[in-house]
>>> print(open('my_file24.pdb').read())   # PDB, C-alpha atoms and all ligand atoms
ATOM      1  CA  MET A   1     -93.600  70.009 328.920
ATOM      2  CA  SER A   2     -91.459  72.849 327.590
ATOM      3  CA  GLY A   3     -87.817  71.716 327.694
ATOM      4  CA  ARG A   4     -86.202  74.275 330.015
ATOM      5  CA  LEU A   5     -82.786  73.008 331.037
ATOM      6  CA  GLU A   6     -80.834  74.189 334.078
ATOM      7  CA  ALA A   7     -77.410  72.893 335.056
ATOM      8  CA  ARG A   8     -75.906  74.057 338.341
ATOM      9  CA  GLY A   9     -72.405  73.470 339.634
ATOM     10  CA  LEU A  10     -71.808  70.465 337.407
ATOM     11  CA  GLY A  11     -68.636  68.578 338.143
ATOM     12  CA  VAL A  12     -67.468  65.335 336.582
ATOM     13  CA  ARG A  13     -64.430  63.390 337.717
ATOM     14  CA  ILE A  14     -63.260  60.292 335.921
ATOM     15  CA  ASP A  15     -60.522  58.220 337.559
ATOM     16  CA  GLY A  16     -59.655  61.201 339.737
ATOM     17  CA  ALA A  17     -59.269  63.540 336.752
ATOM     18  CA  ARG A  18     -61.511  66.601 336.799
ATOM     19  CA  ILE A  19     -63.281  66.663 333.424
ATOM     20  CA  LEU A  20     -65.932  69.276 334.305
ATOM     21  CA  ASP A  21     -65.780  71.806 337.112
ATOM     22  CA  GLY A  22     -68.511  74.137 338.370
ATOM     23  CA  VAL A  23     -70.444  74.344 335.124
ATOM     24  CA  ASP A  24     -73.643  76.421 335.170
ATOM     25  CA  LEU A  25     -75.740  76.554 332.022
ATOM     26  CA  ASP A  26     -79.362  77.473 331.296
ATOM     27  CA  VAL A  27     -81.095  76.751 328.029
ATOM     28  CA  ALA A  28     -84.570  78.150 327.526
ATOM     29  CA  PRO A  29     -87.287  76.893 325.196
ATOM     30  CA  GLY A  30     -86.935  78.687 321.873
ATOM     31  CA  GLU A  31     -83.204  79.134 322.276
ATOM     32  CA  LEU A  32     -80.243  77.661 320.390
ATOM     33  CA  VAL A  33     -77.038  77.559 322.411
ATOM     34  CA  ALA A  34     -73.754  76.662 320.706
ATOM     35  CA  LEU A  35     -71.234  74.848 322.879
ATOM     36  CA  VAL A  36     -67.715  75.485 321.633
ATOM     37  CA  GLY A  37     -64.196  74.919 322.881
ATOM     38  CA  PRO A  38     -60.987  73.081 322.075
ATOM     39  CA  ASN A  39     -60.628  69.306 321.776
ATOM     40  CA  GLY A  40     -60.843  67.736 325.200
ATOM     41  CA  ALA A  41     -62.526  70.792 326.771
ATOM     42  CA  GLY A  42     -65.370  68.606 328.082
ATOM     43  CA  LYS A  43     -68.114  69.417 325.554
ATOM     44  CA  SER A  44     -69.226  65.809 324.961
ATOM     45  CA  THR A  45     -69.024  65.089 328.686
ATOM     46  CA  LEU A  46     -71.203  68.123 329.420
ATOM     47  CA  LEU A  47     -73.714  67.083 326.767
ATOM     48  CA  ALA A  48     -73.883  63.567 328.266
ATOM     49  CA  ALA A  49     -74.511  65.069 331.712
ATOM     50  CA  LEU A  50     -77.206  67.399 330.304
ATOM     51  CA  ALA A  51     -78.802  64.386 328.606
ATOM     52  CA  GLY A  52     -78.891  62.373 331.820
ATOM     53  CA  ASP A  53     -76.661  59.745 330.223
ATOM     54  CA  LEU A  54     -73.810  60.508 332.624
ATOM     55  CA  GLU A  55     -74.267  60.997 336.347
ATOM     56  CA  PRO A  56     -72.287  64.095 337.395
ATOM     57  CA  THR A  57     -70.011  63.806 340.405
ATOM     58  CA  GLU A  58     -71.286  67.182 341.646
ATOM     59  CA  GLY A  59     -74.151  69.499 340.856
ATOM     60  CA  THR A  60     -77.608  69.072 339.373
ATOM     61  CA  VAL A  61     -79.374  69.124 336.034
ATOM     62  CA  THR A  62     -83.081  69.872 335.930
ATOM     63  CA  LEU A  63     -85.426  69.698 332.986
ATOM     64  CA  ASP A  64     -88.612  71.686 333.485
ATOM     65  CA  GLY A  65     -87.722  71.996 337.157
ATOM     66  CA  ARG A  66     -87.322  68.245 337.777
ATOM     67  CA  GLY A  67     -84.008  66.534 338.345
ATOM     68  CA  LEU A  68     -83.118  64.257 335.439
ATOM     69  CA  ARG A  69     -82.936  61.314 337.826
ATOM     70  CA  ALA A  70     -86.651  61.751 338.592
ATOM     71  CA  TYR A  71     -87.531  60.908 334.974
ATOM     72  CA  ARG A  72     -88.198  57.371 333.862
ATOM     73  CA  ALA A  73     -86.135  56.394 330.811
ATOM     74  CA  ARG A  74     -89.077  56.373 328.426
ATOM     75  CA  GLU A  75     -90.379  59.686 329.730
ATOM     76  CA  LEU A  76     -86.942  61.253 329.243
ATOM     77  CA  ALA A  77     -86.752  59.822 325.722
ATOM     78  CA  ARG A  78     -89.955  61.677 324.847
ATOM     79  CA  VAL A  79     -88.579  65.034 325.930
ATOM     80  CA  ARG A  80     -84.932  65.049 325.013
ATOM     81  CA  GLY A  81     -83.186  63.807 321.887
ATOM     82  CA  VAL A  82     -79.442  63.225 321.740
ATOM     83  CA  LEU A  83     -77.216  63.073 318.693
ATOM     84  CA  LEU A  84     -73.929  61.510 319.752
ATOM     85  CA  GLN A  85     -70.595  62.575 318.305
ATOM     86  CA  GLN A  86     -69.926  59.017 317.113
ATOM     87  CA  GLN A  87     -72.738  57.302 315.220
ATOM     88  CA  ARG A  88     -73.440  53.843 316.516
ATOM     89  CA  LEU A  89     -73.112  51.535 313.519
ATOM     90  CA  ALA A  90     -76.580  50.104 313.091
ATOM     91  CA  PHE A  91     -75.587  46.877 311.326
ATOM     92  CA  GLY A  92     -78.358  45.287 309.322
ATOM     93  CA  PHE A  93     -80.659  48.297 309.557
ATOM     94  CA  ARG A  94     -81.817  50.385 306.665
ATOM     95  CA  ALA A  95     -81.723  54.163 307.027
ATOM     96  CA  ARG A  96     -85.531  54.249 307.206
ATOM     97  CA  GLU A  97     -85.458  51.893 310.203
ATOM     98  CA  VAL A  98     -82.809  53.979 311.951
ATOM     99  CA  VAL A  99     -84.986  57.100 311.583
ATOM    100  CA  ALA A 100     -88.053  55.140 312.746
ATOM    101  CA  MET A 101     -86.158  54.172 315.943
ATOM    102  CA  GLY A 102     -86.770  57.783 316.976
ATOM    103  CA  ARG A 103     -90.465  56.935 317.296
ATOM    104  CA  ALA A 104     -89.871  54.145 319.845
ATOM    105  CA  PRO A 105     -90.649  56.312 322.924
ATOM    106  CA  TRP A 106     -94.092  57.070 321.447
ATOM    107  CA  HIS A 107     -95.141  53.485 320.853
ATOM    108  CA  GLY A 108     -98.397  52.686 322.562
ATOM    109  CA  THR A 109     -99.475  56.350 322.654
ATOM    110  CA  ASP A 110    -101.816  58.338 320.390
ATOM    111  CA  ALA A 111     -98.739  59.914 318.804
ATOM    112  CA  GLU A 112     -97.973  56.541 317.206
ATOM    113  CA  ASP A 113    -100.614  57.304 314.569
ATOM    114  CA  ARG A 114     -98.307  59.949 313.141
ATOM    115  CA  ASP A 115     -95.215  57.682 312.898
ATOM    116  CA  ALA A 116     -95.107  57.429 309.088
ATOM    117  CA  GLU A 117     -95.782  61.133 308.607
ATOM    118  CA  VAL A 118     -93.167  62.193 311.183
ATOM    119  CA  VAL A 119     -90.496  59.856 309.771
ATOM    120  CA  ALA A 120     -91.160  61.135 306.240
ATOM    121  CA  ALA A 121     -90.906  64.766 307.381
ATOM    122  CA  ALA A 122     -87.665  64.086 309.282
ATOM    123  CA  THR A 123     -86.018  62.380 306.286
ATOM    124  CA  SER A 124     -87.101  65.189 303.994
ATOM    125  CA  ARG A 125     -85.827  67.959 306.304
ATOM    126  CA  THR A 126     -82.399  66.308 306.561
ATOM    127  CA  ASP A 127     -82.215  65.523 302.828
ATOM    128  CA  VAL A 128     -81.978  61.765 303.274
ATOM    129  CA  ALA A 129     -85.290  60.730 301.656
ATOM    130  CA  HIS A 130     -83.335  59.267 298.708
ATOM    131  CA  LEU A 131     -81.237  57.140 301.099
ATOM    132  CA  VAL A 132     -83.944  55.490 303.203
ATOM    133  CA  ASP A 133     -83.635  52.064 301.574
ATOM    134  CA  ARG A 134     -79.841  51.941 301.958
ATOM    135  CA  LEU A 135     -78.177  49.895 304.698
ATOM    136  CA  PHE A 136     -76.969  52.369 307.320
ATOM    137  CA  PRO A 137     -73.314  51.175 307.450
ATOM    138  CA  THR A 138     -72.983  51.643 303.668
ATOM    139  CA  LEU A 139     -73.750  55.368 303.938
ATOM    140  CA  SER A 140     -70.991  57.976 303.954
ATOM    141  CA  GLY A 141     -70.094  59.610 307.283
ATOM    142  CA  GLY A 142     -72.062  62.729 306.396
ATOM    143  CA  GLU A 143     -75.063  60.694 305.242
ATOM    144  CA  GLN A 144     -74.987  58.669 308.478
ATOM    145  CA  ALA A 145     -74.864  61.890 310.472
ATOM    146  CA  ARG A 146     -77.922  63.246 308.649
ATOM    147  CA  VAL A 147     -79.856  59.997 309.089
ATOM    148  CA  SER A 148     -78.995  60.072 312.802
ATOM    149  CA  PHE A 149     -80.168  63.688 312.999
ATOM    150  CA  ALA A 150     -83.407  62.623 311.275
ATOM    151  CA  ARG A 151     -83.820  59.964 314.011
ATOM    152  CA  VAL A 152     -83.532  62.680 316.677
ATOM    153  CA  LEU A 153     -86.084  64.860 314.856
ATOM    154  CA  ALA A 154     -88.460  61.893 314.522
ATOM    155  CA  GLN A 155     -88.366  61.628 318.307
ATOM    156  CA  GLU A 156     -89.979  65.103 318.431
ATOM    157  CA  PRO A 157     -88.081  66.151 321.556
ATOM    158  CA  ARG A 158     -88.502  69.519 323.258
ATOM    159  CA  LEU A 159     -84.796  69.506 324.118
ATOM    160  CA  LEU A 160     -82.255  68.667 321.424
ATOM    161  CA  LEU A 161     -78.642  67.917 322.373
ATOM    162  CA  LEU A 162     -76.511  67.658 319.242
ATOM    163  CA  ASP A 163     -72.819  66.756 319.449
ATOM    164  CA  GLU A 164     -70.930  68.033 316.397
ATOM    165  CA  PRO A 165     -73.823  67.374 314.005
ATOM    166  CA  THR A 166     -72.019  69.225 311.212
ATOM    167  CA  ALA A 167     -68.539  67.697 311.610
ATOM    168  CA  ALA A 168     -68.804  65.337 308.615
ATOM    169  CA  LEU A 169     -71.066  67.500 306.483
ATOM    170  CA  ASP A 170     -70.462  69.447 303.309
ATOM    171  CA  LEU A 171     -71.129  73.159 303.244
ATOM    172  CA  GLN A 172     -74.708  72.881 301.982
ATOM    173  CA  HIS A 173     -75.671  70.280 304.565
ATOM    174  CA  GLN A 174     -73.934  72.135 307.412
ATOM    175  CA  GLU A 175     -76.167  75.094 306.691
ATOM    176  CA  GLY A 176     -79.168  72.802 306.209
ATOM    177  CA  VAL A 177     -78.741  71.000 309.538
ATOM    178  CA  LEU A 178     -78.282  74.249 311.458
ATOM    179  CA  ALA A 179     -81.252  75.826 309.689
ATOM    180  CA  VAL A 180     -83.363  72.860 310.856
ATOM    181  CA  ALA A 181     -81.954  73.180 314.396
ATOM    182  CA  ARG A 182     -82.885  76.881 314.327
ATOM    183  CA  ALA A 183     -86.360  76.058 313.045
ATOM    184  CA  GLU A 184     -86.786  73.612 315.938
ATOM    185  CA  ALA A 185     -85.838  76.415 318.338
ATOM    186  CA  ALA A 186     -88.246  78.808 316.585
ATOM    187  CA  ASP A 187     -90.875  76.132 317.134
ATOM    188  CA  GLY A 188     -90.193  76.246 320.879
ATOM    189  CA  ALA A 189     -87.517  73.597 321.412
ATOM    190  CA  ALA A 190     -84.418  74.197 323.529
ATOM    191  CA  VAL A 191     -81.363  73.307 321.445
ATOM    192  CA  VAL A 192     -77.719  72.767 322.427
ATOM    193  CA  VAL A 193     -75.286  72.209 319.558
ATOM    194  CA  VAL A 194     -71.602  71.409 319.904
ATOM    195  CA  LEU A 195     -69.783  73.122 317.049
ATOM    196  CA  HIS A 196     -66.168  73.580 316.043
ATOM    197  CA  ASP A 197     -66.897  76.094 313.311
ATOM    198  CA  LEU A 198     -67.144  79.370 315.218
ATOM    199  CA  SER A 199     -68.575  81.187 312.209
ATOM    200  CA  LEU A 200     -71.454  78.692 312.137
ATOM    201  CA  ALA A 201     -71.927  79.307 315.857
ATOM    202  CA  ALA A 202     -71.978  83.068 315.214
ATOM    203  CA  ALA A 203     -74.528  82.723 312.430
ATOM    204  CA  TYR A 204     -76.980  80.324 314.071
ATOM    205  CA  ALA A 205     -76.688  80.556 317.862
ATOM    206  CA  ASP A 206     -78.647  82.844 320.159
ATOM    207  CA  ARG A 207     -75.947  82.316 322.759
ATOM    208  CA  VAL A 208     -72.507  80.747 322.729
ATOM    209  CA  CYS A 209     -70.947  78.907 325.661
ATOM    210  CA  VAL A 210     -67.175  78.615 325.520
ATOM    211  CA  LEU A 211     -65.831  75.649 327.452
ATOM    212  CA  ALA A 212     -62.121  75.267 328.205
ATOM    213  CA  ASP A 213     -60.456  72.802 330.580
ATOM    214  CA  GLY A 214     -63.836  71.696 331.886
ATOM    215  CA  ARG A 215     -64.989  75.180 332.885
ATOM    216  CA  VAL A 216     -67.228  77.778 331.290
ATOM    217  CA  ARG A 217     -64.906  80.534 330.087
ATOM    218  CA  ALA A 218     -67.663  82.729 328.659
ATOM    219  CA  VAL A 219     -71.338  82.583 327.846
ATOM    220  CA  GLY A 220     -73.416  85.182 326.027
ATOM    221  CA  THR A 221     -74.507  86.352 322.615
ATOM    222  CA  PRO A 222     -72.100  85.676 319.730
ATOM    223  CA  ARG A 223     -71.081  89.341 319.796
ATOM    224  CA  GLU A 224     -70.368  89.231 323.515
ATOM    225  CA  VAL A 225     -68.371  86.025 323.397
ATOM    226  CA  LEU A 226     -66.696  85.624 320.006
ATOM    227  CA  ARG A 227     -63.902  88.101 320.660
ATOM    228  CA  ALA A 228     -60.458  87.709 319.158
ATOM    229  CA  ASP A 229     -58.653  88.021 322.507
ATOM    230  CA  LEU A 230     -60.780  85.428 324.279
ATOM    231  CA  LEU A 231     -60.758  82.941 321.376
ATOM    232  CA  GLY A 232     -57.045  83.372 320.758
ATOM    233  CA  ASP A 233     -56.434  82.558 324.396
ATOM    234  CA  VAL A 234     -58.823  79.603 324.614
ATOM    235  CA  TYR A 235     -57.716  77.990 321.336
ATOM    236  CA  ARG A 236     -54.050  78.972 321.767
ATOM    237  CA  HIS A 237     -54.038  80.289 318.214
ATOM    238  CA  PRO A 238     -54.587  83.884 317.119
ATOM    239  CA  VAL A 239     -57.839  84.624 315.294
ATOM    240  CA  ASP A 240     -59.403  87.551 313.496
ATOM    241  CA  VAL A 241     -63.098  88.239 313.994
ATOM    242  CA  VAL A 242     -64.629  90.151 311.104
ATOM    243  CA  GLU A 243     -68.125  91.202 310.121
ATOM    244  CA  HIS A 244     -69.580  89.827 306.916
ATOM    245  CA  GLY A 245     -73.177  89.956 305.728
ATOM    246  CA  GLY A 246     -74.466  90.855 309.167
ATOM    247  CA  HIS A 247     -72.668  87.931 310.858
ATOM    248  CA  LEU A 248     -69.382  87.553 312.646
ATOM    249  CA  VAL A 249     -66.811  85.400 310.877
ATOM    250  CA  VAL A 250     -63.911  83.896 312.828
ATOM    251  CA  ILE A 251     -60.735  83.342 310.827
ATOM    252  CA  PRO A 252     -57.552  81.738 312.180
ATOM    253  CA  VAL A 253     -54.543  83.975 311.609
ATOM    254  CA  ARG A 254     -52.286  82.216 309.080
ATOM    255  CA  SER A 255     -48.802  82.913 307.834
ATOM    256  CA  PRO A 256     -48.667  83.951 304.184
ATOM    257  CA  ARG A 257     -48.273  81.129 301.650
ATOM    258  CA  ALA A 258     -44.877  80.480 300.162
ATOM    259  CA  SER A 259     -44.525  82.318 296.857
ATOM    260  CA  PRO A 260     -45.499  80.413 293.684
ATOM    261  CA  ARG A 261     -43.192  77.917 291.999
ATOM    262  CA  THR A 262     -41.777  80.492 289.550
ATOM    263  CA  SER A 263     -39.661  81.769 292.411
ATOM    264  CA  THR A 264     -37.712  78.503 292.423
ATOM    265  CA  VAL A 265     -37.585  78.072 288.648
ATOM    266  CA  THR A 266     -34.851  79.857 286.748
ATOM    267  CA  GLU A 267     -35.784  81.679 283.560
ATOM    268  CA  SER A 268     -33.920  79.222 281.344
ATOM    269  CA  GLU A 269     -36.050  76.332 282.698
ATOM    270  CA  GLU A 270     -39.290  78.025 281.736
ATOM    271  CA  ASP A 271     -40.716  77.199 278.335
ATOM    272  CA  PRO A 272     -41.381  80.529 276.633
ATOM    273  CA  CYS A 273     -44.010  78.878 274.376
ATOM    274  CA  PRO A 274     -45.856  76.294 276.465
ATOM    275  CA  ALA A 275     -47.882  73.790 274.497
ATOM    276  CA  VAL A 276     -51.603  74.242 274.833
TER
HETATM  277  P1  LIG A 301     -64.620  67.363 323.980
HETATM  278  O1  LIG A 301     -65.919  66.772 323.566
HETATM  279  O2  LIG A 301     -64.695  68.790 324.392
HETATM  280  O3  LIG A 301     -63.542  67.175 322.943
HETATM  281  P2  LIG A 301     -64.712  65.308 326.031
HETATM  282  O4  LIG A 301     -65.865  65.706 326.868
HETATM  283  O5  LIG A 301     -64.930  64.172 325.074
HETATM  284  O6  LIG A 301     -64.119  66.580 325.280
HETATM  285  O7  LIG A 301     -63.517  64.905 326.976
HETATM  286  C1  LIG A 301     -62.981  65.818 327.930
HETATM  287  C2  LIG A 301     -61.753  65.222 328.563
HETATM  288  O8  LIG A 301     -62.130  64.116 329.358
HETATM  289  C3  LIG A 301     -60.742  64.682 327.554
HETATM  290  O9  LIG A 301     -59.452  64.970 328.016
HETATM  291  C4  LIG A 301     -61.021  63.209 327.538
HETATM  292  O10 LIG A 301     -59.857  62.502 327.180
HETATM  293  C5  LIG A 301     -61.445  62.958 328.967
HETATM  294  N1  LIG A 301     -62.378  61.839 329.092
HETATM  295  C6  LIG A 301     -63.626  61.800 328.618
HETATM  296  N2  LIG A 301     -64.221  60.617 328.916
HETATM  297  C7  LIG A 301     -63.300  59.905 329.594
HETATM  298  C8  LIG A 301     -63.280  58.600 330.179
HETATM  299  N3  LIG A 301     -64.350  57.803 330.140
HETATM  300  N4  LIG A 301     -62.137  58.204 330.809
HETATM  301  C9  LIG A 301     -61.063  59.015 330.871
HETATM  302  N5  LIG A 301     -61.019  60.250 330.349
HETATM  303  C10 LIG A 301     -62.108  60.693 329.719
HETATM  304 MG    MG A 302     -66.559  65.835 321.873
END
>>> encode(input="my_file24.pdb", output="structure tokens", more="lines below")
Ligand code: ADP
Ligand code: MG
Amino acid sequence: MSGRLEARGLGVRIDGARILDGVDLDVAPGELVALVGPNGAGKSTLLAALAGDLEPTEGTVTLDGRGLRAYRARELARVRGVLLQQQRLAFGFRAREVVAMGRAPWHGTDAEDRDAEVVAAATSRTDVAHLVDRLFPTLSGGEQARVSFARVLAQEPRLLLLDEPTAALDLQHQEGVLAVARAEAADGAAVVVVLHDLSLAAAYADRVCVLADGRVRAVGTPREVLRADLLGDVYRHPVDVVEHGGHLVVIPVRSPRASPRTSTVTESEEDPCPAV
């Protein structure tokens, strides 16, 4: 079981509205694909269709050559892990138990012997080992996101589908989570990550898929896709794309800041000898 994902001609309509239209996407084992695009572009809908959690109106998704519908639920849970955009509030559960839920698909198999070891490794990699005894709902948004990511890692899937895993995270943990996602890809997993930070996508993705209005606008390497003209058009805001430290950095064009307060303060109002 390798985790090769192929989506062909995916269409999703909800209440007559076309949410996805003609989406083709391949993700190979060993590859990290960033899925980017404006709010409402259809990223979460696409991820749900790729996960088999949403039945597309048109088109097919295959995992290792088999249609997702041919998988039994438990079998699918052993191969693909999904981190949803919104964490489900696991009332009454401690963080350790939430991470251990990732092992559920392996119960009754030989892999069960490794449960404790796998859970410990997942909590350590996501920097939540110090939080495992806390009740999940008492954790901060970023801590909940990392515990949920640890649950996905504990599942040991060959395909990881991560919806905005870095949205609530501080700078250190954003880098940490994407470094782990990259390591999973290096270890042979296929990884799809929805990201809003295009510089993170540039730094960590092998390929970037730009979704807009339910369609794929571009897909390719960061250098092929993260172009100022394309991004400015898709996001309806001008951007600069610059090179820094061997990576592309995407910066929204901003108007200069208003000049400092001295411009509105007359000289007579200023204290020539401010108290220190
Ligand atoms: P993204 O994750 O890119 O922000 P989504 O995939 O969540 O976008 O949603 C794409 C579009 O589909 C949005 O306009 C959203 O409002 C709409 N949409 C998603 N799910 C539903 C639903 N169940 N009913 C109606 N509209 C929906
Ligand atoms: Mg979304």
>>> residues_around(input="my_file24.pdb", residues="Pro56 of chain A", least_positions_apart="5", cutoff="7 Å", atoms="only C-alpha atoms", output="PyMOL selection string")
chain A and resi 10-12+49
>>> residues_around(input="my_file24.pdb", residues="Leu76 of chain A", least_positions_apart="4", cutoff="12 Å", atoms="all atoms listed in the file", output="list in words")
Met1, Gly3, Leu50, Ala51, Gly52, Asp53, Thr62, Leu63, Asp64, Arg66, Gly67, Leu68, Arg69, Ala70, Tyr71, Arg72, Arg80, Gly81, Val82, Pro105, Trp106, Gln155, Glu156, Pro157, Arg158, Leu159 and Leu160 of chain A
>>> write_last_selection(input="my_file24.pdb", atoms="C-alpha atoms", output="short mmCIF file (atom, residue, chain, number, x, y, z; two decimals), keeping the file's coordinate frame")
data_model
loop_
_atom_site.label_atom_id
_atom_site.label_comp_id
_atom_site.auth_asym_id
_atom_site.auth_seq_id
_atom_site.Cartn_x
_atom_site.Cartn_y
_atom_site.Cartn_z
CA MET A 1 -93.60 70.01 328.92
CA GLY A 3 -87.82 71.72 327.69
CA LEU A 50 -77.21 67.40 330.30
CA ALA A 51 -78.80 64.39 328.61
CA GLY A 52 -78.89 62.37 331.82
CA ASP A 53 -76.66 59.74 330.22
CA THR A 62 -83.08 69.87 335.93
CA LEU A 63 -85.43 69.70 332.99
CA ASP A 64 -88.61 71.69 333.48
CA ARG A 66 -87.32 68.24 337.78
CA GLY A 67 -84.01 66.53 338.34
CA LEU A 68 -83.12 64.26 335.44
CA ARG A 69 -82.94 61.31 337.83
CA ALA A 70 -86.65 61.75 338.59
CA TYR A 71 -87.53 60.91 334.97
CA ARG A 72 -88.20 57.37 333.86
CA ARG A 80 -84.93 65.05 325.01
CA GLY A 81 -83.19 63.81 321.89
CA VAL A 82 -79.44 63.22 321.74
CA PRO A 105 -90.65 56.31 322.92
CA TRP A 106 -94.09 57.07 321.45
CA GLN A 155 -88.37 61.63 318.31
CA GLU A 156 -89.98 65.10 318.43
CA PRO A 157 -88.08 66.15 321.56
CA ARG A 158 -88.50 69.52 323.26
CA LEU A 159 -84.80 69.51 324.12
CA LEU A 160 -82.26 68.67 321.42
#
>>> residues_around(input="my_file24.pdb", residues="Ala122 of chain A", least_positions_apart="4", cutoff="9 Å", atoms="only C-alpha atoms", output="PyMOL selection string")
chain A and resi 99+117-118+126-129+147+149-154
>>> closest_residue(input="my_file24.pdb", among="A:Val27, A:Ala189, A:Ile251, A:Leu47", to="ligand MG 302 (chain A)", atoms="all atoms listed in the file")
A:Leu47
>>> residues_near_ligand(input="my_file24.pdb", ligand="ligand LIG 301 (chain A)", cutoff="7 Å", atoms="all atoms listed in the file", output="MDAnalysis selection string")
chainID A and resid 14:15 19 37:46
>>> resolve_selection(input="my_file24.pdb", expression="the PyMOL selection byres (((chain A and resi 242) around 12) and not hetatm)", output="mmCIF file with C-alpha atoms, keeping the file's coordinate frame")
data_model
loop_
_atom_site.group_PDB
_atom_site.id
_atom_site.type_symbol
_atom_site.label_atom_id
_atom_site.label_comp_id
_atom_site.auth_asym_id
_atom_site.auth_seq_id
_atom_site.Cartn_x
_atom_site.Cartn_y
_atom_site.Cartn_z
ATOM 1 C CA LEU A 198 -67.144 79.370 315.218
ATOM 2 C CA SER A 199 -68.575 81.187 312.209
ATOM 3 C CA ALA A 202 -71.978 83.068 315.214
ATOM 4 C CA ARG A 223 -71.081 89.341 319.796
ATOM 5 C CA LEU A 226 -66.696 85.624 320.006
ATOM 6 C CA ARG A 227 -63.902 88.101 320.660
ATOM 7 C CA ALA A 228 -60.458 87.709 319.158
ATOM 8 C CA VAL A 239 -57.839 84.624 315.294
ATOM 9 C CA ASP A 240 -59.403 87.551 313.496
ATOM 10 C CA VAL A 241 -63.098 88.239 313.994
ATOM 11 C CA GLU A 243 -68.125 91.202 310.121
ATOM 12 C CA HIS A 244 -69.580 89.827 306.916
ATOM 13 C CA GLY A 245 -73.177 89.956 305.728
ATOM 14 C CA GLY A 246 -74.466 90.855 309.167
ATOM 15 C CA HIS A 247 -72.668 87.931 310.858
ATOM 16 C CA LEU A 248 -69.382 87.553 312.646
ATOM 17 C CA VAL A 249 -66.811 85.400 310.877
ATOM 18 C CA VAL A 250 -63.911 83.896 312.828
ATOM 19 C CA ILE A 251 -60.735 83.342 310.827
ATOM 20 C CA PRO A 252 -57.552 81.738 312.180
ATOM 21 C CA VAL A 253 -54.543 83.975 311.609
#
>>> decode(input="my_file24.pdb", residues="segment 66-81 of chain A", atoms="N, CA and C atoms", output="mmCIF file, in the first residue's frame")
data_model
loop_
_atom_site.group_PDB
_atom_site.id
_atom_site.type_symbol
_atom_site.label_atom_id
_atom_site.label_comp_id
_atom_site.auth_asym_id
_atom_site.auth_seq_id
_atom_site.Cartn_x
_atom_site.Cartn_y
_atom_site.Cartn_z
ATOM 1 N N ARG A 66 -7.450 2.043 -6.758
ATOM 2 C CA ARG A 66 -8.805 1.597 -6.396
ATOM 3 C C ARG A 66 -9.661 2.791 -6.042
ATOM 4 N N GLY A 67 -10.886 2.795 -6.545
ATOM 5 C CA GLY A 67 -11.818 3.857 -6.194
ATOM 6 C C GLY A 67 -12.026 3.891 -4.687
ATOM 7 N N LEU A 68 -12.151 5.094 -4.135
ATOM 8 C CA LEU A 68 -12.298 5.203 -2.676
ATOM 9 C C LEU A 68 -13.508 4.432 -2.168
ATOM 10 N N ARG A 69 -14.533 4.341 -3.026
ATOM 11 C CA ARG A 69 -15.765 3.666 -2.581
ATOM 12 C C ARG A 69 -15.551 2.165 -2.399
ATOM 13 N N ALA A 70 -14.471 1.632 -3.007
ATOM 14 C CA ALA A 70 -14.199 0.199 -2.897
ATOM 15 C C ALA A 70 -13.529 -0.150 -1.562
ATOM 16 N N TYR A 71 -13.125 0.889 -0.808
ATOM 17 C CA TYR A 71 -12.478 0.630 0.483
ATOM 18 C C TYR A 71 -13.529 0.507 1.586
ATOM 19 N N ARG A 72 -13.313 -0.423 2.493
ATOM 20 C CA ARG A 72 -14.122 -0.429 3.702
ATOM 21 C C ARG A 72 -13.603 0.675 4.617
ATOM 22 N N ALA A 73 -14.461 1.176 5.496
ATOM 23 C CA ALA A 73 -14.117 2.343 6.317
ATOM 24 C C ALA A 73 -12.827 2.120 7.108
ATOM 25 N N ARG A 74 -12.705 0.963 7.701
ATOM 26 C CA ARG A 74 -11.541 0.681 8.542
ATOM 27 C C ARG A 74 -10.259 0.591 7.706
ATOM 28 N N GLU A 75 -10.412 0.008 6.527
ATOM 29 C CA GLU A 75 -9.279 -0.130 5.610
ATOM 30 C C GLU A 75 -8.797 1.264 5.184
ATOM 31 N N LEU A 76 -9.767 2.130 4.868
ATOM 32 C CA LEU A 76 -9.433 3.498 4.460
ATOM 33 C C LEU A 76 -8.746 4.238 5.608
ATOM 34 N N ALA A 77 -9.230 4.000 6.826
ATOM 35 C CA ALA A 77 -8.664 4.684 7.993
ATOM 36 C C ALA A 77 -7.214 4.260 8.246
ATOM 37 N N ARG A 78 -6.824 3.113 7.737
ATOM 38 C CA ARG A 78 -5.433 2.680 7.912
ATOM 39 C C ARG A 78 -4.517 3.309 6.874
ATOM 40 N N VAL A 79 -5.080 3.784 5.785
ATOM 41 C CA VAL A 79 -4.219 4.330 4.728
ATOM 42 C C VAL A 79 -4.234 5.842 4.641
ATOM 43 N N ARG A 80 -5.346 6.463 5.004
ATOM 44 C CA ARG A 80 -5.350 7.913 4.875
ATOM 45 C C ARG A 80 -5.801 8.591 6.179
ATOM 46 N N GLY A 81 -5.036 9.611 6.557
ATOM 47 C CA GLY A 81 -5.353 10.367 7.763
ATOM 48 C C GLY A 81 -5.789 11.761 7.372
#
